[in-house]
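K.L.:
Take this structure, written in C-alpha cells, and hold onto it; I'll ask about it next.
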Amino acid sequence: MLLNDLLNVVANIAILTLVSYIYIKMIPKKKSYSLTRRQKIALIFLASMTSFILMSFSVDLPQQVKIDMRYNAMILLLYYIGPDVFVPASILTAVLRLTWGISDASVYTFLFYLVLSVTMLVLNKKASERFNSYTTGLILNTYYVIGHAIVLYFIYYDWKQTIAVSVFNFIFTSICLMVNMMFIEDMRADVRRYLDEIERAKSDYLTGLYNRREFSSYWRKIENDKKITHVALLMLDIDHFKCINDQYGHLNGDIILRQVASLLHVEDIEHEQIYRVGGEEFCIVLKNKSFSQQMAIAEKIRQTVENNPFKLENHQTIHLTVSVGMATSYKVKDMKNLYRLADHALYQAKERGRNQLVVLDLAERELKRIL
C-alpha cells in the first residue's frame with residue numbers, strides 16, 4: 001500500500017512537470033500576444049485531461065477522498081496562462097471529479113472547485129500585483145489547501161485527521177508547485193533572452209530603431225499583404241551632417257542621431273515603420289494613408305526637426321534641418337522601385353537647397369517611362 005502511494009506520488013510529479021513544459025511551449029514566442037481560440041480550447045482540454053490523469057494516480061483516503069496535484073496544474077494555468085482558460089478548465093475538472101463516482105467527497109469537491117473557479121481569479125489578481133511568482137503561487141496553494149481542509153472536515157468531522165492530511169497536503173503540493181514554477185520561470189527566462197537577441201538583431205544599436213536588414217524584411221510583408229493598398233516611403237537625410245561631425249565630434253554626432261530618431265515618432269506611426277538605413281539616413285513606411293495624410297506627416301517631421309533645439313554633450317544647443325524625399329504609390333507595391341524613387345526625391349530636395357520635401361509618384365513615373 002505504501003509503495004503504491006509512493007509510486008502515485010512520483011507519477012503526479014512527473015505528469016505535472018510534463019504538463020508545465022507543454023503549457024510554456026504552447027505560449028507564442030512573442031513579447032506581447034493573445035492566444036487564439038484554438039489554443040485556448042487546446043489548453044482547456046489539456047488541463048482537464050491532466051486533472052483526470054492525476055486523479056488516476058491519486059493517494060486514496062477513506063470515504064473516496066483523493067489527494068493529488070490536479071489543482072497545482074490549475075494554479076499554474078491561472079498564473080501563467082490566464083483566467084480565460086482557467087475558469088472553464090476548473091469547471092470541467094469539477095465535472096470530471098463526479099465521473100469517479102457520486103459520494104459526499106465528490107459532491108463537496110465539485111462544489112468546492114466551482115467556488116475556486118471564481119474566487120481564485122480575485123486572489124490571483126491581488127497577489128500578483130504585490131508579490132513575485134513564487135509568493136503568489138504559495139498564496140494560491142494555501143488558499144486551496146484551506147478550502148480543501150474545510151471540505152475534508154465535512155467528510156470526516158475529525159479535526160485531527162483533517163489537520164494531519166492538510167498539513168501533509170500543503171507541504172507536499174507547495175514543494176512540488178515551487179519546483180515546477182522554478183522550472184517554468186527558467187524556461188520563460190530562456191524565451192525572454194531569445195526574444196531580446198532577436199530584437200537586437202533587428203535593431204540599430206545607436207538609435208534603437210529597426211535596421212536596414214529588417215527594413216528589407218518589412219518590404220516583403222507589405223508586398224504580400226493584400227489589405228495594404230496605399231504605400232508611401234519617406235527618406236530623410238540630416239543636412240550637412242558631415243559638418244556637424246567635423247565641428248562637434250563624432251560623439252556629438254551620435255547624440256544628434258539619437259535625438260532625431262526620437263522625433264520621428266509622430267502621428268500614429270508605429271515603431272516598426274521607422275528605420276535607420278544609413279549613417280544619417282532614415283526611412284519611414286506609411287501604410288493605407290491618403291496622399292494628404294502622407295504629405296502632412298512628412299511636412300510635420302521636417303518642421304519638427306527644424307524647430308527643435310538639439311543638445312550637445314556640453315549642453316550647448318544647435319539647430320539643424322532635414323531634407324525629405326517621399327515616393328508614393330497606390331496599389332502598385334513595388335518596394336524596390338519605391339525605394340529608388342524616394343532616394344531620387346531626396347536627391348532633388350538636396351539639389352534644390354535642402355530643408356524641404358520633394359514628392360514623386362511611382363505610377364506617374366512608370367507611366368512617363370513607358371511613354
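How things are named: the first chain in the C-alpha cells is A, the next is B, and so on; residues count from 1 in each chain; ligands count from 1 in the order shown.
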How would you write, as an MDAnalysis selection string, the set of residues in segment 18-227 of chain A that DSSP gives as strand (DSSP E or B)?
P.N.:
chainID A and resid 59:61 65:67 203 210
K.L.:
Give me the residues within 12 Å of Gly249 of chain A as a ChimeraX atom specification, counting only C-alpha atoms and dropping any in the same chain fewer than 6 places off.
P.N.:
/A:241-243,255-256,312-314
K.L.:
Taking 3 positions as the minimum chain separation for residues in the same chain, which residues sit within 10 Å of Leu78 of chain A when counting only C-alpha atoms? Answer as a VMD selection string.
P.N.:
chain A and resid 72 to 75 81 to 87 89 to 90 117 120 to 121 124 to 125 137 140
K.L.:
Okay, now the selection with C-alpha atoms, as a short mmCIF file (atom, residue, chain, number, x, y, z; two decimals), in the first residue's frame?
P.N.:
```cif
data_model
loop_
_atom_site.label_atom_id
_atom_site.label_comp_id
_atom_site.auth_asym_id
_atom_site.auth_seq_id
_atom_site.Cartn_x
_atom_site.Cartn_y
_atom_site.Cartn_z
CA ASN A 72 -1.37 22.58 -8.84
CA ALA A 73 -1.94 22.29 -12.58
CA MET A 74 -4.86 24.71 -12.24
CA ILE A 75 -2.77 27.23 -10.28
CA ILE A 81 -1.98 31.44 -18.99
CA GLY A 82 -4.87 33.45 -17.56
CA PRO A 83 -8.49 33.35 -16.38
CA ASP A 84 -9.98 32.78 -19.86
CA VAL A 85 -8.56 29.27 -19.79
CA PHE A 86 -8.53 28.68 -16.02
CA VAL A 87 -12.27 29.12 -15.40
CA ALA A 89 -10.79 24.18 -17.13
CA SER A 90 -11.69 24.34 -13.42
CA SER A 117 -13.02 28.95 -10.26
CA MET A 120 -9.14 32.32 -7.31
CA LEU A 121 -9.36 35.00 -10.02
CA ASN A 124 -4.52 35.84 -8.12
CA LYS A 125 -5.04 39.40 -9.36
CA GLY A 137 1.87 30.57 -6.10
CA LEU A 140 -2.93 30.42 -4.12
#
```
K.L.:
Skipping near chain neighbours, those fewer than 4 positions away, what residues fall within 12 Å of Tyr205 of chain A using only C-alpha atoms, listed as a list of chain:residue names?
P.N.:
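Final neighbour list, sorted by chain and number: A:Glu199, A:Arg200, A:Ala201, A:Leu209, A:Tyr210, A:Asn211, A:Arg212, A:Asp254, A:Leu257, A:Arg258, A:Tyr275, A:Arg276.
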K.L.:
Would you mind writing down, as a VMD selection string, each residue of segment 71-270 of chain A that DSSP on the backbone assigns to alpha helix (DSSP H)?
P.N.:
chain A and resid 71 to 80 83 to 98 104 to 130 133 to 156 159 to 202 212 to 224 241 to 248 250 to 263
K.L.:
Residues near Lys25 of chain A, anyone? I mean within 10 Å using only C-alpha atoms, not counting same-chain ones fewer than 6 positions away, as a list of chain:residue names.
P.N.:
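My list of contacting residues is A:Val19, A:Met187, A:Arg188, A:Val191.
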K.L.:
How about saving the chosen residues, N, CA and C atoms kept, as a PDB file, in the first residue's frame?
P.N.:
```
ATOM      1  N   VAL A  19       3.350  18.548 -18.013  1.00  0.00           N
ATOM      2  CA  VAL A  19       2.297  19.496 -18.399  1.00  0.00           C
ATOM      3  C   VAL A  19       2.793  20.937 -18.283  1.00  0.00           C
ATOM      4  N   MET A 187      12.425  28.410 -18.021  1.00  0.00           N
ATOM      5  CA  MET A 187      12.061  28.338 -19.441  1.00  0.00           C
ATOM      6  C   MET A 187      11.652  29.707 -19.971  1.00  0.00           C
ATOM      7  N   ARG A 188      10.903  30.459 -19.170  1.00  0.00           N
ATOM      8  CA  ARG A 188      10.471  31.790 -19.599  1.00  0.00           C
ATOM      9  C   ARG A 188      11.666  32.736 -19.724  1.00  0.00           C
ATOM     10  N   VAL A 191      13.227  32.089 -22.993  1.00  0.00           N
ATOM     11  CA  VAL A 191      12.428  32.681 -24.071  1.00  0.00           C
ATOM     12  C   VAL A 191      12.671  34.182 -24.140  1.00  0.00           C
TER      13      VAL A 191
END
```
